[in-house]
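Inspection log for the structure reproduced underneath, given as structure tokens.
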Amino acid sequence: MSRKNPRHCFTVGITDDVTHLSLPVDPNFQFEATGVTRSVFYGLGADGTVGANKNSIKIIADNTDNHAQGYFVYDSKKSGAVTISHLRFSAKPIQSPYLIEQAEFVACHHFHFLEKYDVLQYAAKRSKFLLNAPFDPKELWDKLPRSVQQNIVDQDVEVYVIDAAKVAREAGMGGRINTIMQTCFFALTEVIPIDDAIGHIKDAIEKTYGRKGKELVKRNWRAVDMALANLRKVPTRGLVTATHDLPPIVPADAPDFVQRVTSMMLADKGNLLPVSAFPPDGTWPVGTAMYEKRNIALDIPVWEPELCIQCNKCALVCPHAAIRVKVFPPERAEEAPATFKTMPYKGKEFGEVLYSVQVAPEDCTGCEVCVRVCPGKDKKNPDRLSLVMEPQLPLREDETENFEFFLKLPEADRVKLKTNVKMTQFAKPLFEFSGACSGCGETPYVKLLTQMYGDRTIIANATGCSSIYGGNLPTTPFTTDDDGRGPAWCNSLFEDNAEFGFGLRLSIDQTRALATNLLQQLASTIGDERVAAILAGAGRKTEAEVQAQRERVAALRQALAGNDNPLARQLSAIADYLVHKSVWIVGGDGWAYDIGYGGLDHVISTSRDINILVMDTEVYSNTGGQQSKATTIGAAAKFAVAGKVEPKKDLGLMAIAYGNAYVASIAYGARDAQTVRAFEEAESYDGPSILIAYSHCIAHGYDMADALDQQTLAVQSGYWPLYRYDPRKLPTGEPALTIYSKDPTVPLADYMANETRFRAVRQRNPERYDDLVAAAERDIQRRLRTYRQLANVKLDKPGETPGEEQVAAE
């Protein structure tokens, strides 16, 4: 405003070098009030850091004369992303609507953050720094990067360390370190006398977790009591001694865009990027999640080849494509690193080859699902499996080198891969290292889809969890094969995704019809035989047929090269549409059962060749756990905290009612072969298909390491029936519906007792909970009887009359 000609329209904060309307900002500008205590905490999504800091604000504001304020910075990724909490306390009212720049207390709740983020940028002179690290105080100093040491020395920072992960394990808290770090915060800042603070923390724990059960409260209390005994001050000696420094955010051979843009965003410096750095059309490079290297796993799986039966189940269930399998020529093993493991392949599909299981150590989230599914056991010691969890840090360097070598090994010939659990996992996953929660129950379905059809898949993705981990900045988990082919992905709105995907199918069909017409018009130029072969191959769906058609289209383009006929040029531009495109509409239950159901219903009613994948978590997972029409009787959710009383909407039965759609209910953790078969049949069906996929979720409230066992219980109790409805069977005289799950063999209450969403209802009102369980049992029996009736329905073959038994049954 002091300029002679101040701007009427301008922006502040982002460097806009396109419109040049941004004003420069002095980076040293400060406007912090005096007498304010400031603290900054770096945490990991779902480790409880944000929740603990919210409780700290309440404790201080309610039990001292201080005013309190909190800002919490985190992106829309799922658990496992970095969170930054900014807390202020002051005797005077706080009016600071901006983030902290200098803090008297800084906490880093995960050691690997020091390798990626400038955590100590917030450390003021003579501040205190609390670090969660798996090291003794005497050895920690030399483990810190050189630049971190320099910052500590320059700012005269006091350093404290605690192995919070170890304390959490010993207290029975798993990976939840929040109350441990919270206790240390109060001890070091002395905002409240520590004995009083501990009492307040325990009261807050009871208020926060009491509805989830007394045992959880006791474990949290135990963690609080153990925290101070494990807190240690680190001797810094005022010397910079480290021989290593921060590793580069991305490798030197990363693409230019990744070097210039992605790396800045990964380092939490994205706001420094100018407007011109971003693609003007909104498209974003694929295959960039491989550069993220989150390093959030404390333990990772280690393969023991001598116990492996080569089932490939570990690769199937991995939510992040972080454990993979390959077969390769024996001579390639001569180039392998010293610690790379192999074994002879036991099958005959690929000849004399070697087999390897390899983990991506920096991308693994440590969910342990692969270990739980592993059937390879030591006969003398059944507890010893082919996969065992070991600490990540000592293994990281060797396994990183092994994984880099593994990626360079040739991929299997997709034509040779049969459609079964084992063979599909030899196909390269074209969905990898997403930001989904550790142990996610949705991503294995998306990954499997890309392994089976990803090089020709077009995905319309509804807003929700799958759109966040599927296409959120700064990286993209969808990637390409060695030929540069991969899924084309786009996110539409929550309410119109079915219509959006349907529009994609219509446009593809229309373009293929145009290409067919042009092909026929140019038959005299191209040759009748070639035209006939291409038209015969259009729409063919098997791997061998798709590859053969691609070769025909490539030859067609070559034949059209140099042809100045406008029709020939137009055909050359759209010839790829003569190769089958697999269109999938993907989303969660909030979209499919609720907000987007109208469009979904319309798509199912058509005869178009379109596939739908509904990943059913039975709750609005992305927005915090609100009930949906997929929420079942007896489950607690937001807007139904006392337990939902209405039955779950039966989306599968409603789709079956049309009679023209392929419908399947699947659960890969309970019956993986049926899941793979359903994907195959849905893709081969020339019409609408819908797969309703059981998807466990952290919102259900149990350790995701147990998720596959819980899926099995869901099927065994009748809670989640497995079936496939294939209209192609009816004309043959067979029933269209086949049920793949047996009658219930375990009580429904056994399944429900494992999940907090049900236990919370029991805790609140045991009598009402028992009534809801009984109602859920009745609803399950009603559904199962309905499906059994449908499974007996057959149509007569053409020219036949129904027999007496069928008439009597009807």
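The way I read the labels, and the way they are meant: chains A, B, ... in the order of the structure tokens, residue 1 as the first residue of every chain, and ligand 1 as the first ligand shown, with later ones counted on from there.
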Please report, as a CSV table (one decimal) with C-alpha atoms, in the first residue's frame, each residue of region 199-424 of chain A to which DSSP assigns strand (DSSP E) when run on this structure's backbone.
```csv
chain,number,residue,atom,x,y,z
A,232,ARG,CA,16.8,-40.0,28.4
A,233,LYS,CA,18.8,-36.8,27.7
A,299,ASP,CA,9.5,-54.3,11.0
A,300,ILE,CA,9.4,-55.9,7.5
A,301,PRO,CA,8.9,-59.5,6.3
A,302,VAL,CA,12.0,-61.5,5.6
A,303,TRP,CA,11.8,-64.5,3.3
A,323,ILE,CA,6.2,-57.8,-1.5
A,324,ARG,CA,6.5,-59.4,-5.0
A,325,VAL,CA,7.4,-62.6,-6.8
A,326,LYS,CA,9.3,-63.2,-10.0
A,327,VAL,CA,10.7,-66.1,-12.0
A,328,PHE,CA,13.8,-65.5,-14.1
A,343,MET,CA,15.3,-70.9,-5.1
A,344,PRO,CA,14.5,-73.2,-8.1
A,354,LEU,CA,14.6,-69.4,-10.5
A,355,TYR,CA,12.0,-68.0,-8.1
A,356,SER,CA,12.3,-65.1,-5.7
A,357,VAL,CA,10.2,-63.3,-3.2
A,358,GLN,CA,11.4,-59.7,-2.5
A,359,VAL,CA,10.2,-57.0,-0.2
A,387,LEU,CA,8.0,-65.1,6.2
A,388,VAL,CA,9.0,-63.6,9.5
A,389,MET,CA,8.9,-60.0,10.6
A,390,GLU,CA,12.3,-58.5,11.5
A,391,PRO,CA,13.4,-54.9,12.4
```
Can you pull out every residue within 10 Å of Ile100 (chain A), counting only C-alpha atoms, but drop anything in the same chain fewer than 3 positions away, and send it as a count of residues only? 14
Can you list, as an NGL selection string, every protein, DNA or RNA residue that comes within 8 Å of Ala81 (chain A) when you count only C-alpha atoms, leaving out same-chain residues fewer than 3 positions away? :A and (44-45 or 74-75 or 77-78 or 435)
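Relative to CA of Gln547 (chain A), CA of Ala460 (chain A) is found at 24.0 Å.
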Proximity to Arg396 (chain A) - best of A:Pro735, A:His112, A:Ser438, A:Cys184, only C-alpha atoms: A:His112
9 Å contact set for region 680-693 of chain A, only C-alpha atoms, chain neighbours under 3 positions out, as JSON, numbers by chain: {"A": [419, 442, 445, 452, 453, 541, 542, 582, 603, 604, 605, 606, 607, 608, 609, 610, 611, 612, 613, 614, 615, 616, 617, 651, 652, 655, 660, 661, 662, 663, 664, 665, 666, 667, 668, 675, 676, 677, 724, 726, 728]}
Region 217-326 of chain A near region 127-134 of chain A within 12 Å: what's each residue's closest atom pair and its distance in Å to one decimal, counting only C-alpha atoms, ordered by chain then ascending residue number, as CSV?
```
residue,atom,partner,partner_atom,distance
A:Ala227,CA,A:Asn132,CA,11.4
A:Asn230,CA,A:Asn132,CA,10.8
A:Leu231,CA,A:Leu130,CA,9.2
A:Arg232,CA,A:Leu130,CA,9.6
A:Lys233,CA,A:Leu130,CA,9.1
A:Val234,CA,A:Leu130,CA,9.8
A:Thr236,CA,A:Phe129,CA,11.9
A:Leu298,CA,A:Pro134,CA,9.6
```
From A:Glu158, A:Glu170, A:Asp268, A:Asp118, residue lying nearest Pro145 (chain A) [only C-alpha atoms]: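 Comparing A:Glu158, A:Glu170, A:Asp268, A:Asp118 against Pro145 (chain A), the winner is A:Asp118.
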Atomic distance CA of Val106 (chain A) - CA of Asp156 (chain A), expressed in Å with one decimal: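 Going from CA of Val106 (chain A) over to CA of Asp156 (chain A), I get 13.3 Å.
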Env of Lys416 (chain A): 12 Å cut, atoms = only C-alpha atoms, seq-sep filter 6 positions within chain, self excluded. Answer as a ChimeraX atom specification. /A:348-351,423-424,426-427,542-544
Write the residues of the preceding selection, restricted to C-alpha atoms, as a PDB file, in the first residue's frame.
```pdb
ATOM      1  CA  LYS A 348       6.671 -76.257 -15.227  1.00  0.00           C
ATOM      2  CA  GLU A 349       5.033 -73.181 -16.787  1.00  0.00           C
ATOM      3  CA  PHE A 350       8.292 -71.309 -17.429  1.00  0.00           C
ATOM      4  CA  GLY A 351      10.878 -74.075 -17.827  1.00  0.00           C
ATOM      5  CA  MET A 423      -0.182 -66.965 -11.794  1.00  0.00           C
ATOM      6  CA  THR A 424      -1.793 -63.521 -11.474  1.00  0.00           C
ATOM      7  CA  PHE A 426       3.657 -63.007 -11.576  1.00  0.00           C
ATOM      8  CA  ALA A 427       2.113 -60.069 -13.475  1.00  0.00           C
ATOM      9  CA  THR A 542      -8.068 -62.670 -23.458  1.00  0.00           C
ATOM     10  CA  GLU A 543      -4.411 -61.767 -23.051  1.00  0.00           C
ATOM     11  CA  ALA A 544      -3.334 -63.648 -26.177  1.00  0.00           C
TER      12      ALA A 544
END
```
